[in-house]
$ cat model_18.pdb   # PDB, C-alpha atoms
ATOM      1  CA  VAL P   1      17.619   1.462 -11.036
ATOM      2  CA  HIS P   2      14.106   0.178 -10.324
ATOM      3  CA  PHE P   3      15.456  -2.476  -7.958
ATOM      4  CA  ILE P   4      17.555   0.066  -6.052
ATOM      5  CA  PHE P   5      14.702   2.508  -5.515
ATOM      6  CA  GLU P   6      12.272  -0.311  -4.716
ATOM      7  CA  TRP P   7      14.355  -1.545  -1.818
ATOM      8  CA  LEU P   8      15.337   1.975  -0.810
ATOM      9  CA  GLY P   9      11.603   2.658  -0.467
ATOM     10  CA  VAL P  10      11.150  -0.443   1.690
ATOM     11  CA  ALA P  11      14.130   0.462   3.882
ATOM     12  CA  THR P  12      12.913   4.049   4.265
ATOM     13  CA  GLY P  13       9.465   2.864   5.289
ATOM     14  CA  VAL P  14      10.839   0.394   7.843
ATOM     15  CA  GLU P  15      13.149   2.950   9.430
ATOM     16  CA  LEU P  16      10.384   5.560   9.559
ATOM     17  CA  TYR P  17       8.072   3.049  11.252
ATOM     18  CA  ARG P  18      10.724   2.145  13.827
ATOM     19  CA  TRP P  19      11.362   5.817  14.550
ATOM     20  CA  LEU P  20       7.645   6.559  14.940
ATOM     21  CA  LYS P  21       7.205   3.492  17.143
ATOM     22  CA  LYS P  22       9.970   4.674  19.475
ATOM     23  CA  ALA P  23       8.561   8.207  19.547
ATOM     24  CA  GLU P  24       5.130   6.858  20.442
ATOM     25  CA  ALA P  25       6.554   4.698  23.222
ATOM     26  CA  LYS P  26       8.237   7.733  24.813
ATOM     27  CA  LYS P  27       4.954   9.659  24.905
ATOM     28  CA  ARG P  28       2.918   6.939  26.623
ATOM     29  CA  PRO P  29       3.114   6.133  30.330
ATOM     30  CA  ARG P  30       4.524   2.683  30.957
ATOM     31  CA  SER P  31       3.450   0.057  33.454
ATOM     32  CA  PRO P  32       4.525  -3.549  34.094
ATOM     33  CA  ASN P  33       1.578  -4.718  31.978
ATOM     34  CA  THR P  34       2.112  -2.441  28.990
ATOM     35  CA  THR P  35       5.878  -1.961  28.727
ATOM     36  CA  GLN P  36       6.329  -4.703  26.159
ATOM     37  CA  ASP P  37       3.450  -3.517  23.984
ATOM     38  CA  HIS P  38       5.442  -0.536  22.746
ATOM     39  CA  ASP P  39       8.772  -2.284  22.128
ATOM     40  CA  PHE P  40       9.405  -2.839  18.435
ATOM     41  CA  PHE P  41      10.667  -6.406  18.920
ATOM     42  CA  SER P  42       8.359  -7.517  21.717
ATOM     43  CA  PRO P  43       6.708 -10.938  21.084
ATOM     44  CA  SER P  44       3.341  -9.402  20.169
ATOM     45  CA  ASN P  45       4.825  -6.773  17.861
ATOM     46  CA  PHE P  46       7.142  -9.336  16.268
ATOM     47  CA  ALA P  47       4.162 -11.600  15.528
ATOM     48  CA  VAL P  48       2.361  -8.692  13.886
ATOM     49  CA  ILE P  49       5.443  -7.877  11.782
ATOM     50  CA  VAL P  50       5.757 -11.510  10.655
ATOM     51  CA  GLY P  51       2.050 -11.604   9.808
ATOM     52  CA  CYS P  52       2.418  -8.420   7.789
ATOM     53  CA  ILE P  53       5.434  -9.729   5.841
ATOM     54  CA  LEU P  54       3.882 -13.116   5.087
ATOM     55  CA  GLY P  55       0.515 -11.679   4.081
ATOM     56  CA  ALA P  56       2.079  -8.978   1.936
ATOM     57  CA  GLY P  57       4.438 -11.427   0.237
ATOM     58  CA  ILE P  58       1.715 -13.954  -0.597
ATOM     59  CA  PHE P  59      -0.906 -11.517  -1.884
ATOM     60  CA  ASN P  60       1.742  -9.421  -3.628
ATOM     61  CA  LYS P  61       2.578 -12.352  -5.915
ATOM     62  CA  LEU P  62      -0.943 -13.794  -6.065
ATOM     63  CA  LEU P  63      -2.445 -10.586  -7.412
ATOM     64  CA  PHE P  64       0.425 -10.238  -9.897
ATOM     65  CA  VAL P  65      -0.390 -13.694 -11.300
ATOM     66  CA  LEU P  66      -4.045 -12.679 -11.638
ATOM     67  CA  GLU P  67      -3.023  -9.366 -13.219
ATOM     68  CA  VAL P  68      -0.720 -11.017 -15.768
ATOM     69  CA  PRO P  69      -1.897 -14.641 -16.110
ATOM     70  CA  GLN P  70      -0.054 -15.009 -19.433
ATOM     71  CA  ALA P  71       3.227 -14.766 -17.501
ATOM     72  CA  TRP P  72       2.173 -17.773 -15.427
ATOM     73  CA  GLU P  73       1.213 -19.718 -18.544
ATOM     74  CA  GLN P  74       4.602 -19.026 -20.122
ATOM     75  CA  TYR P  75       6.977 -19.253 -17.172
ATOM     76  CA  GLY P  76       5.096 -21.132 -14.445
ATOM     77  CA  TRP P  77       6.466 -20.651 -10.934
ATOM     78  CA  ALA P  78       9.351 -18.600 -12.322
ATOM     79  CA  SER P  79       6.835 -15.867 -13.188
ATOM     80  CA  LEU P  80       6.619 -15.023  -9.469
ATOM     81  CA  ALA P  81      10.029 -13.396  -9.780
ATOM     82  CA  LEU P  82       8.932 -11.208 -12.687
ATOM     83  CA  GLY P  83       6.656  -8.752 -10.917
ATOM     84  CA  GLN P  84       4.632  -7.694  -7.910
ATOM     85  CA  THR P  85       1.783  -5.384  -6.971
ATOM     86  CA  ILE P  86       1.605  -2.758  -4.252
ATOM     87  CA  VAL P  87      -2.152  -3.276  -3.982
ATOM     88  CA  GLY P  88      -1.692  -6.997  -3.361
ATOM     89  CA  GLY P  89       1.001  -6.309  -0.781
ATOM     90  CA  LEU P  90      -1.144  -3.733   1.009
ATOM     91  CA  ILE P  91      -4.228  -5.978   1.122
ATOM     92  CA  GLY P  92      -2.228  -9.038   2.135
ATOM     93  CA  GLY P  93      -0.272  -7.118   4.751
ATOM     94  CA  MET P  94      -3.483  -5.863   6.341
ATOM     95  CA  LEU P  95      -4.997  -9.367   6.407
ATOM     96  CA  GLY P  96      -1.780 -10.861   7.765
ATOM     97  CA  VAL P  97      -1.642  -8.311  10.566
ATOM     98  CA  GLU P  98      -5.272  -8.909  11.551
ATOM     99  CA  ILE P  99      -4.771 -12.688  11.615
ATOM    100  CA  ALA P 100      -1.577 -12.353  13.676
ATOM    101  CA  LYS P 101      -3.332 -10.015  16.132
ATOM    102  CA  LYS P 102      -6.098 -12.583  16.627
ATOM    103  CA  ILE P 103      -3.556 -15.326  17.289
ATOM    104  CA  VAL P 104      -1.494 -13.402  19.867
ATOM    105  CA  GLY P 105      -4.437 -11.547  21.401
ATOM    106  CA  VAL P 106      -3.550  -7.981  20.382
ATOM    107  CA  LYS P 107      -6.720  -5.894  20.556
ATOM    108  CA  HIS P 108      -5.476  -2.353  19.911
ATOM    109  CA  SER P 109      -4.971  -0.914  16.429
ATOM    110  CA  THR P 110      -1.457  -1.150  15.010
ATOM    111  CA  GLY P 111      -1.996   0.569  11.660
ATOM    112  CA  ASP P 112      -1.961   4.338  12.283
ATOM    113  CA  LEU P 113       1.833   4.508  12.522
ATOM    114  CA  PHE P 114       2.076   2.711   9.170
ATOM    115  CA  VAL P 115       0.480   5.533   7.175
ATOM    116  CA  VAL P 116       3.454   7.904   6.915
ATOM    117  CA  PRO P 117       6.039   5.143   6.247
ATOM    118  CA  PHE P 118       3.807   3.695   3.526
ATOM    119  CA  CYS P 119       3.333   7.022   1.751
ATOM    120  CA  VAL P 120       6.981   8.067   1.982
ATOM    121  CA  GLY P 121       8.230   4.626   0.968
ATOM    122  CA  LEU P 122       5.839   4.570  -1.978
ATOM    123  CA  VAL P 123       7.115   7.931  -3.214
ATOM    124  CA  VAL P 124      10.693   6.628  -3.133
ATOM    125  CA  GLY P 125       9.735   3.402  -4.875
ATOM    126  CA  ARG P 126       7.763   5.180  -7.584
ATOM    127  CA  ILE P 127      10.863   7.161  -8.516
ATOM    128  CA  GLY P 128      12.355   3.843  -9.596
ATOM    129  CA  CYS P 129       9.182   2.954 -11.520
ATOM    130  CA  PHE P 130       9.336   6.296 -13.319
ATOM    131  CA  LEU P 131      13.007   5.951 -14.237
ATOM    132  CA  ALA P 132      12.413   2.382 -15.467
ATOM    133  CA  GLY P 133      10.036   3.711 -18.123
ATOM    134  CA  LEU P 134       8.686   1.030 -20.454
ATOM    135  CA  ASN P 135      10.541  -1.686 -18.540
ATOM    136  CA  ASP P 136       8.012  -1.195 -15.734
ATOM    137  CA  GLY P 137       4.296  -1.793 -16.075
ATOM    138  CA  THR P 138       3.173   1.267 -14.145
ATOM    139  CA  TYR P 139       3.077   3.846 -16.957
ATOM    140  CA  GLY P 140      -0.199   5.158 -18.368
ATOM    141  CA  VAL P 141      -1.957   5.039 -21.703
ATOM    142  CA  ALA P 142      -1.477   7.624 -24.440
ATOM    143  CA  THR P 143      -2.657  11.157 -23.689
ATOM    144  CA  SER P 144      -2.812  14.525 -25.429
ATOM    145  CA  LEU P 145      -2.483  16.406 -22.144
ATOM    146  CA  PRO P 146       0.468  18.835 -21.984
ATOM    147  CA  TRP P 147       2.220  16.840 -19.243
ATOM    148  CA  GLY P 148       2.221  13.591 -21.219
ATOM    149  CA  MET P 149       5.657  11.946 -21.237
ATOM    150  CA  ASP P 150       7.543   9.848 -23.764
ATOM    151  CA  PHE P 151       9.008   6.799 -22.035
ATOM    152  CA  GLY P 152      10.979   5.741 -25.071
ATOM    153  CA  ASP P 153       8.471   4.570 -27.657
ATOM    154  CA  GLY P 154       7.562   7.990 -29.091
ATOM    155  CA  VAL P 155       4.114   7.963 -27.427
ATOM    156  CA  LEU P 156       3.117  10.657 -24.932
ATOM    157  CA  ARG P 157       1.660   8.834 -21.932
ATOM    158  CA  HIS P 158       0.121   9.614 -18.562
ATOM    159  CA  PRO P 159       2.990   9.640 -16.020
ATOM    160  CA  THR P 160       0.922   7.578 -13.582
ATOM    161  CA  GLN P 161       3.988   6.962 -11.416
ATOM    162  CA  ILE P 162       4.067  10.703 -10.692
ATOM    163  CA  TYR P 163       0.307  10.671 -10.127
ATOM    164  CA  ASP P 164       0.909   8.063  -7.403
ATOM    165  CA  MET P 165       3.536  10.273  -5.789
ATOM    166  CA  LEU P 166       1.154  13.231  -5.798
ATOM    167  CA  TRP P 167      -1.529  11.068  -4.174
ATOM    168  CA  CYS P 168       0.916  10.203  -1.393
ATOM    169  CA  VAL P 169       1.752  13.870  -0.829
ATOM    170  CA  ALA P 170      -1.963  14.728  -0.729
ATOM    171  CA  MET P 171      -2.597  11.933   1.787
ATOM    172  CA  LEU P 172       0.256  13.136   4.018
ATOM    173  CA  ILE P 173      -1.168  16.662   3.963
ATOM    174  CA  LEU P 174      -4.655  15.305   4.757
ATOM    175  CA  VAL P 175      -3.298  13.311   7.684
ATOM    176  CA  LYS P 176      -1.322  16.315   8.942
ATOM    177  CA  ILE P 177      -4.468  18.453   8.955
ATOM    178  CA  ASN P 178      -6.825  15.888  10.493
ATOM    179  CA  TYR P 179      -4.710  13.610  12.691
ATOM    180  CA  SER P 180      -5.483  15.499  15.887
ATOM    181  CA  LYS P 181      -9.153  14.583  15.357
ATOM    182  CA  TRP P 182      -8.749  11.164  13.776
ATOM    183  CA  GLN P 183      -6.491   9.831  16.552
ATOM    184  CA  ALA P 184      -9.511   9.936  18.865
ATOM    185  CA  VAL P 185     -10.461   6.612  17.254
ATOM    186  CA  SER P 186      -7.495   4.246  17.063
ATOM    187  CA  GLY P 187      -7.042   2.847  13.580
ATOM    188  CA  LEU P 188      -9.120   5.476  11.779
ATOM    189  CA  THR P 189      -6.106   7.125  10.133
ATOM    190  CA  PHE P 190      -4.993   3.804   8.662
ATOM    191  CA  LYS P 191      -8.507   3.025   7.451
ATOM    192  CA  VAL P 192      -8.668   6.369   5.636
ATOM    193  CA  MET P 193      -5.306   5.730   3.966
ATOM    194  CA  PHE P 194      -6.123   2.113   3.111
ATOM    195  CA  ALA P 195      -9.542   2.836   1.619
ATOM    196  CA  GLY P 196      -8.230   5.989  -0.060
ATOM    197  CA  TYR P 197      -5.429   4.150  -1.823
ATOM    198  CA  LEU P 198      -7.704   1.358  -3.016
ATOM    199  CA  LEU P 199     -10.158   3.926  -4.391
ATOM    200  CA  TRP P 200      -7.302   5.827  -6.000
ATOM    201  CA  ARG P 201      -5.910   2.710  -7.677
ATOM    202  CA  LEU P 202      -9.374   1.682  -8.846
ATOM    203  CA  LEU P 203      -9.568   5.004 -10.689
ATOM    204  CA  VAL P 204      -5.992   5.604 -11.861
ATOM    205  CA  ASP P 205      -5.536   2.057 -13.156
ATOM    206  CA  GLY P 206      -8.299   2.904 -15.600
ATOM    207  CA  ILE P 207      -5.743   4.991 -17.518
ATOM    208  CA  LYS P 208      -3.086   2.273 -17.543
ATOM    209  CA  PRO P 209      -2.685  -0.489 -20.120
ATOM    210  CA  VAL P 210      -4.583  -3.590 -18.964
ATOM    211  CA  PRO P 211      -2.396  -6.719 -19.337
ATOM    212  CA  TYR P 212      -5.398  -9.056 -19.113
ATOM    213  CA  PRO P 213      -8.951  -7.686 -19.156
ATOM    214  CA  TYR P 214     -11.621  -9.245 -16.968
ATOM    215  CA  LEU P 215     -15.287  -8.217 -16.708
ATOM    216  CA  TRP P 216     -15.919  -4.639 -17.987
ATOM    217  CA  GLY P 217     -12.366  -4.589 -19.296
ATOM    218  CA  TRP P 218     -11.035  -4.058 -15.773
ATOM    219  CA  SER P 219      -7.730  -5.446 -14.568
ATOM    220  CA  ALA P 220      -7.357  -7.850 -11.647
ATOM    221  CA  ILE P 221      -5.995  -4.978  -9.551
ATOM    222  CA  GLN P 222      -9.101  -2.887 -10.178
ATOM    223  CA  TRP P 223     -11.400  -5.760  -9.252
ATOM    224  CA  ALA P 224      -9.375  -6.474  -6.108
ATOM    225  CA  CYS P 225      -9.674  -2.805  -5.122
ATOM    226  CA  LEU P 226     -13.434  -2.794  -5.644
ATOM    227  CA  VAL P 227     -14.116  -6.048  -3.789
ATOM    228  CA  VAL P 228     -11.967  -5.145  -0.782
ATOM    229  CA  LEU P 229     -13.361  -1.591  -0.705
ATOM    230  CA  LEU P 230     -16.938  -2.865  -0.542
ATOM    231  CA  GLY P 231     -16.022  -5.125   2.356
ATOM    232  CA  TYR P 232     -13.936  -2.490   4.147
ATOM    233  CA  LEU P 233     -16.123   0.610   3.888
ATOM    234  CA  PRO P 234     -18.506  -0.441   6.709
ATOM    235  CA  PHE P 235     -15.561  -0.418   9.144
ATOM    236  CA  LEU P 236     -14.474   3.005   7.913
ATOM    237  CA  VAL P 237     -18.005   4.405   8.260
ATOM    238  CA  ARG P 238     -18.279   2.877  11.747
ATOM    239  CA  ASP P 239     -15.089   4.546  12.940
ATOM    240  CA  PHE P 240     -16.060   7.900  11.438
ATOM    241  CA  SER P 241     -19.419   7.729  13.234
ATOM    242  CA  ARG P 242     -17.560   7.090  16.479
TER     243      ARG P 242
END
$ encode --input "model_18.pdb" --output "structure tokens"
Amino acid sequence: VHFIFEWLGVATGVELYRWLKKAEAKKRPRSPNTTQDHDFFSPSNFAVIVGCILGAGIFNKLLFVLEVPQAWEQYGWASLALGQTIVGGLIGGMLGVEIAKKIVGVKHSTGDLFVVPFCVGLVVGRIGCFLAGLNDGTYGVATSLPWGMDFGDGVLRHPTQIYDMLWCVAMLILVKINYSKWQAVSGLTFKVMFAGYLLWRLLVDGIKPVPYPYLWGWSAIQWACLVVLLGYLPFLVRDFSR
């Protein structure tokens, strides 16, 4: 069930991105110099897609190994097939895109159209995480709150998968309200989503079981969120000031 919803989320996100890309291309005037820039499979766009996939795939697994190093110690390279992290994929995908853009000379922002597909795809994927229960590592710690849920071990826990879905809905509403202003600065909408999700995960992962505690008892995902946030916030502040 988790596998089905995971890949259904990916497929939904990809199709939404393609649809938004086509809709954007129809709105913009075309010229001989810019026609290819808006085609989904143009050389420049294809390079960005490849960069995104490679970066996301590498950091997805790398952060998982840091999050659960005992899996690496027990299974070695086979542990890479045991899990993954959305945070690692998001960070790696962003880095991969930026590197690919430098290589092919793309100067304009390519991230704003990714916001809605990411949020919708994440909601679909988290349904699978929720249904997987204790077989998935995304549930929360024990809670006495009235909405605590028993995932099969008799313990009422924070349904952090649902919390993630609610964050996505809140982000979509925020984008809907503010996009007419934010689109004045290309890339600002993506920066808000990217920084917002890292901040969210830094906080919400504090009420999840920590597979391997690092400094302050934080998980590798929390530390990755903090480090990248500190490096990314100046760009977000810059774009907001613009």
$ atom_distance --input "model_18.pdb" --atom1 "atom CA of P:Ser180" --atom2 "atom CA of P:Val10"
27.1 Å
$ atom_distance --input "model_18.pdb" --atom1 "atom CA of P:Asn60" --atom2 "atom CA of P:Thr85"
5.2 Å
$ residues_around --input "model_18.pdb" --residues "P:Leu63" --least-positions-apart "2" --cutoff "10 Å" --atoms "only C-alpha atoms" --output "list in words"
Ile58, Phe59, Asn60, Lys61, Val65, Leu66, Glu67, Val68, Pro69, Gly83, Gln84, Thr85, Ile86, Val87, Gly88, Gly89, Ile91, Gly92, Ala220, Ile221 and Ala224 of chain P
$ resolve_selection --input "model_18.pdb" --expression "the PyMOL selection byres ((chain P and resi 122) around 9)" --output "PyMOL selection string"
chain P and resi 6+9-10+13+86+117-121+123-127+164-165+168
$ write_last_selection --input "model_18.pdb" --atoms "C-alpha atoms" --output "compact mmCIF listing (two decimals), in the frame of the given file"
# COMPACT_ATOMS: atom_id res chain seq x y z
CA GLU P 6 12.27 -0.31 -4.72
CA GLY P 9 11.60 2.66 -0.47
CA VAL P 10 11.15 -0.44 1.69
CA GLY P 13 9.46 2.86 5.29
CA ILE P 86 1.60 -2.76 -4.25
CA PRO P 117 6.04 5.14 6.25
CA PHE P 118 3.81 3.70 3.53
CA CYS P 119 3.33 7.02 1.75
CA VAL P 120 6.98 8.07 1.98
CA GLY P 121 8.23 4.63 0.97
CA VAL P 123 7.12 7.93 -3.21
CA VAL P 124 10.69 6.63 -3.13
CA GLY P 125 9.74 3.40 -4.88
CA ARG P 126 7.76 5.18 -7.58
CA ILE P 127 10.86 7.16 -8.52
CA ASP P 164 0.91 8.06 -7.40
CA MET P 165 3.54 10.27 -5.79
CA CYS P 168 0.92 10.20 -1.39
$ atom_distance --input "model_18.pdb" --atom1 "atom CA of P:Val227" --atom2 "atom CA of P:Ala195"
11.4 Å
$ residues_near_point --input "model_18.pdb" --point "(12.3, 0.0, -11.2)" --cutoff "6 Å" --atoms "all atoms listed in the file" --output "PyMOL selection string"
chain P and resi 1-3+128-129+132
$ resolve_selection --input "model_18.pdb" --expression "the PyMOL selection byres ((chain P and resi 182) around 12)" --output "list in words"
Asp112, Leu174, Val175, Lys176, Ile177, Asn178, Tyr179, Ser180, Lys181, Gln183, Ala184, Val185, Ser186, Gly187, Leu188, Thr189, Phe190, Lys191, Val192, Met193, Leu236, Asp239, Phe240, Ser241 and Arg242 of chain P
$ resolve_selection --input "model_18.pdb" --expression "the PyMOL selection byres ((chain P and resi 141-154) around 10)" --output "list in words"
Phe130, Leu131, Ala132, Gly133, Leu134, Asn135, Thr138, Tyr139, Gly140, Val155, Leu156, Arg157, His158, Pro159, Thr160, Asp205, Gly206, Ile207, Lys208, Pro209 and Val210 of chain P
$ closest_residue --input "model_18.pdb" --among "P:Ala56, P:Met94, P:Val106, P:Ala71" --to "P:Tyr212" --atoms "all atoms listed in the file"
P:Ala71
$ axis_aligned_box --input "model_18.pdb" --around "stretch 214-226 of chain P" --padding-each-side "8 Å" --output "JSON"
{"center_x": -11.0, "center_y": -6.0, "center_z": -12.2, "size_x": 25.9, "size_y": 22.5, "size_z": 30.2}
$ closest_residue --input "model_18.pdb" --among "P:Leu226, P:Leu82, P:Leu20, P:Val97" --to "P:Leu202" --atoms "only C-alpha atoms"
P:Leu226
$ closest_residue --input "model_18.pdb" --among "P:Lys22, P:Pro234, P:Val50, P:Val116" --to "P:Val169" --atoms "only C-alpha atoms"
P:Val116
$ residues_near_point --input "model_18.pdb" --point "(-5.7, -2.3, 12.2)" --cutoff "7 Å" --atoms "only C-alpha atoms" --output "MDAnalysis selection string"
chainID P and resid 98 109:111 187
$ residues_around --input "model_18.pdb" --residues "P:Ala100" --least-positions-apart "4" --cutoff "9 Å" --atoms "all atoms listed in the file" --output "number ranges by chain"
P: 44, 47-52, 95-96, 104-106
$ closest_residue --input "model_18.pdb" --among "P:Ala81, P:Ala11, P:Leu166, P:Val115" --to "P:Phe194" --atoms "only C-alpha atoms"
P:Val115
$ decode --input "model_18.pdb" --residues "stretch 3-16 of chain P" --atoms "N, CA, C and O atoms" --output "PDB file, in the first residue's frame"
ATOM      1  N   PHE P   3       3.950   1.530  -1.082  1.00  0.00           N
ATOM      2  CA  PHE P   3       4.628   1.615  -2.374  1.00  0.00           C
ATOM      3  C   PHE P   3       3.703   2.197  -3.437  1.00  0.00           C
ATOM      4  O   PHE P   3       4.098   3.046  -4.241  1.00  0.00           O
ATOM      5  N   ILE P   4       2.450   1.742  -3.445  1.00  0.00           N
ATOM      6  CA  ILE P   4       1.485   2.212  -4.438  1.00  0.00           C
ATOM      7  C   ILE P   4       1.241   3.710  -4.304  1.00  0.00           C
ATOM      8  O   ILE P   4       1.293   4.463  -5.284  1.00  0.00           O
ATOM      9  N   PHE P   5       0.985   4.170  -3.089  1.00  0.00           N
ATOM     10  CA  PHE P   5       0.713   5.588  -2.889  1.00  0.00           C
ATOM     11  C   PHE P   5       1.967   6.441  -3.088  1.00  0.00           C
ATOM     12  O   PHE P   5       1.883   7.594  -3.526  1.00  0.00           O
ATOM     13  N   GLU P   6       3.130   5.882  -2.768  1.00  0.00           N
ATOM     14  CA  GLU P   6       4.380   6.606  -2.974  1.00  0.00           C
ATOM     15  C   GLU P   6       4.561   6.956  -4.449  1.00  0.00           C
ATOM     16  O   GLU P   6       4.813   8.107  -4.808  1.00  0.00           O
ATOM     17  N   TRP P   7       4.412   5.950  -5.297  1.00  0.00           N
ATOM     18  CA  TRP P   7       4.610   6.185  -6.720  1.00  0.00           C
ATOM     19  C   TRP P   7       3.419   6.879  -7.363  1.00  0.00           C
ATOM     20  O   TRP P   7       3.574   7.581  -8.372  1.00  0.00           O
ATOM     21  N   LEU P   8       2.240   6.731  -6.781  1.00  0.00           N
ATOM     22  CA  LEU P   8       1.095   7.501  -7.250  1.00  0.00           C
ATOM     23  C   LEU P   8       1.327   8.982  -6.970  1.00  0.00           C
ATOM     24  O   LEU P   8       0.987   9.849  -7.791  1.00  0.00           O
ATOM     25  N   GLY P   9       1.947   9.293  -5.822  1.00  0.00           N
ATOM     26  CA  GLY P   9       2.279  10.672  -5.498  1.00  0.00           C
ATOM     27  C   GLY P   9       3.291  11.240  -6.469  1.00  0.00           C
ATOM     28  O   GLY P   9       3.160  12.387  -6.934  1.00  0.00           O
ATOM     29  N   VAL P  10       4.309  10.454  -6.807  1.00  0.00           N
ATOM     30  CA  VAL P  10       5.319  10.894  -7.775  1.00  0.00           C
ATOM     31  C   VAL P  10       4.679  11.143  -9.135  1.00  0.00           C
ATOM     32  O   VAL P  10       4.908  12.178  -9.777  1.00  0.00           O
ATOM     33  N   ALA P  11       3.859  10.191  -9.591  1.00  0.00           N
ATOM     34  CA  ALA P  11       3.210  10.329 -10.896  1.00  0.00           C
ATOM     35  C   ALA P  11       2.284  11.537 -10.936  1.00  0.00           C
ATOM     36  O   ALA P  11       2.234  12.275 -11.927  1.00  0.00           O
ATOM     37  N   THR P  12       1.548  11.762  -9.852  1.00  0.00           N
ATOM     38  CA  THR P  12       0.650  12.917  -9.781  1.00  0.00           C
ATOM     39  C   THR P  12       1.438  14.212  -9.862  1.00  0.00           C
ATOM     40  O   THR P  12       1.057  15.144 -10.590  1.00  0.00           O
ATOM     41  N   GLY P  13       2.541  14.283  -9.137  1.00  0.00           N
ATOM     42  CA  GLY P  13       3.372  15.477  -9.167  1.00  0.00           C
ATOM     43  C   GLY P  13       3.946  15.744 -10.546  1.00  0.00           C
ATOM     44  O   GLY P  13       3.949  16.893 -11.026  1.00  0.00           O
ATOM     45  N   VAL P  14       4.432  14.703 -11.214  1.00  0.00           N
ATOM     46  CA  VAL P  14       5.009  14.862 -12.552  1.00  0.00           C
ATOM     47  C   VAL P  14       3.960  15.354 -13.544  1.00  0.00           C
ATOM     48  O   VAL P  14       4.202  16.274 -14.335  1.00  0.00           O
ATOM     49  N   GLU P  15       2.781  14.741 -13.516  1.00  0.00           N
ATOM     50  CA  GLU P  15       1.739  15.137 -14.453  1.00  0.00           C
ATOM     51  C   GLU P  15       1.255  16.566 -14.192  1.00  0.00           C
ATOM     52  O   GLU P  15       0.974  17.329 -15.118  1.00  0.00           O
ATOM     53  N   LEU P  16       1.148  16.923 -12.908  1.00  0.00           N
ATOM     54  CA  LEU P  16       0.760  18.295 -12.571  1.00  0.00           C
ATOM     55  C   LEU P  16       1.794  19.292 -13.074  1.00  0.00           C
ATOM     56  O   LEU P  16       1.452  20.345 -13.611  1.00  0.00           O
TER      57      LEU P  16
END
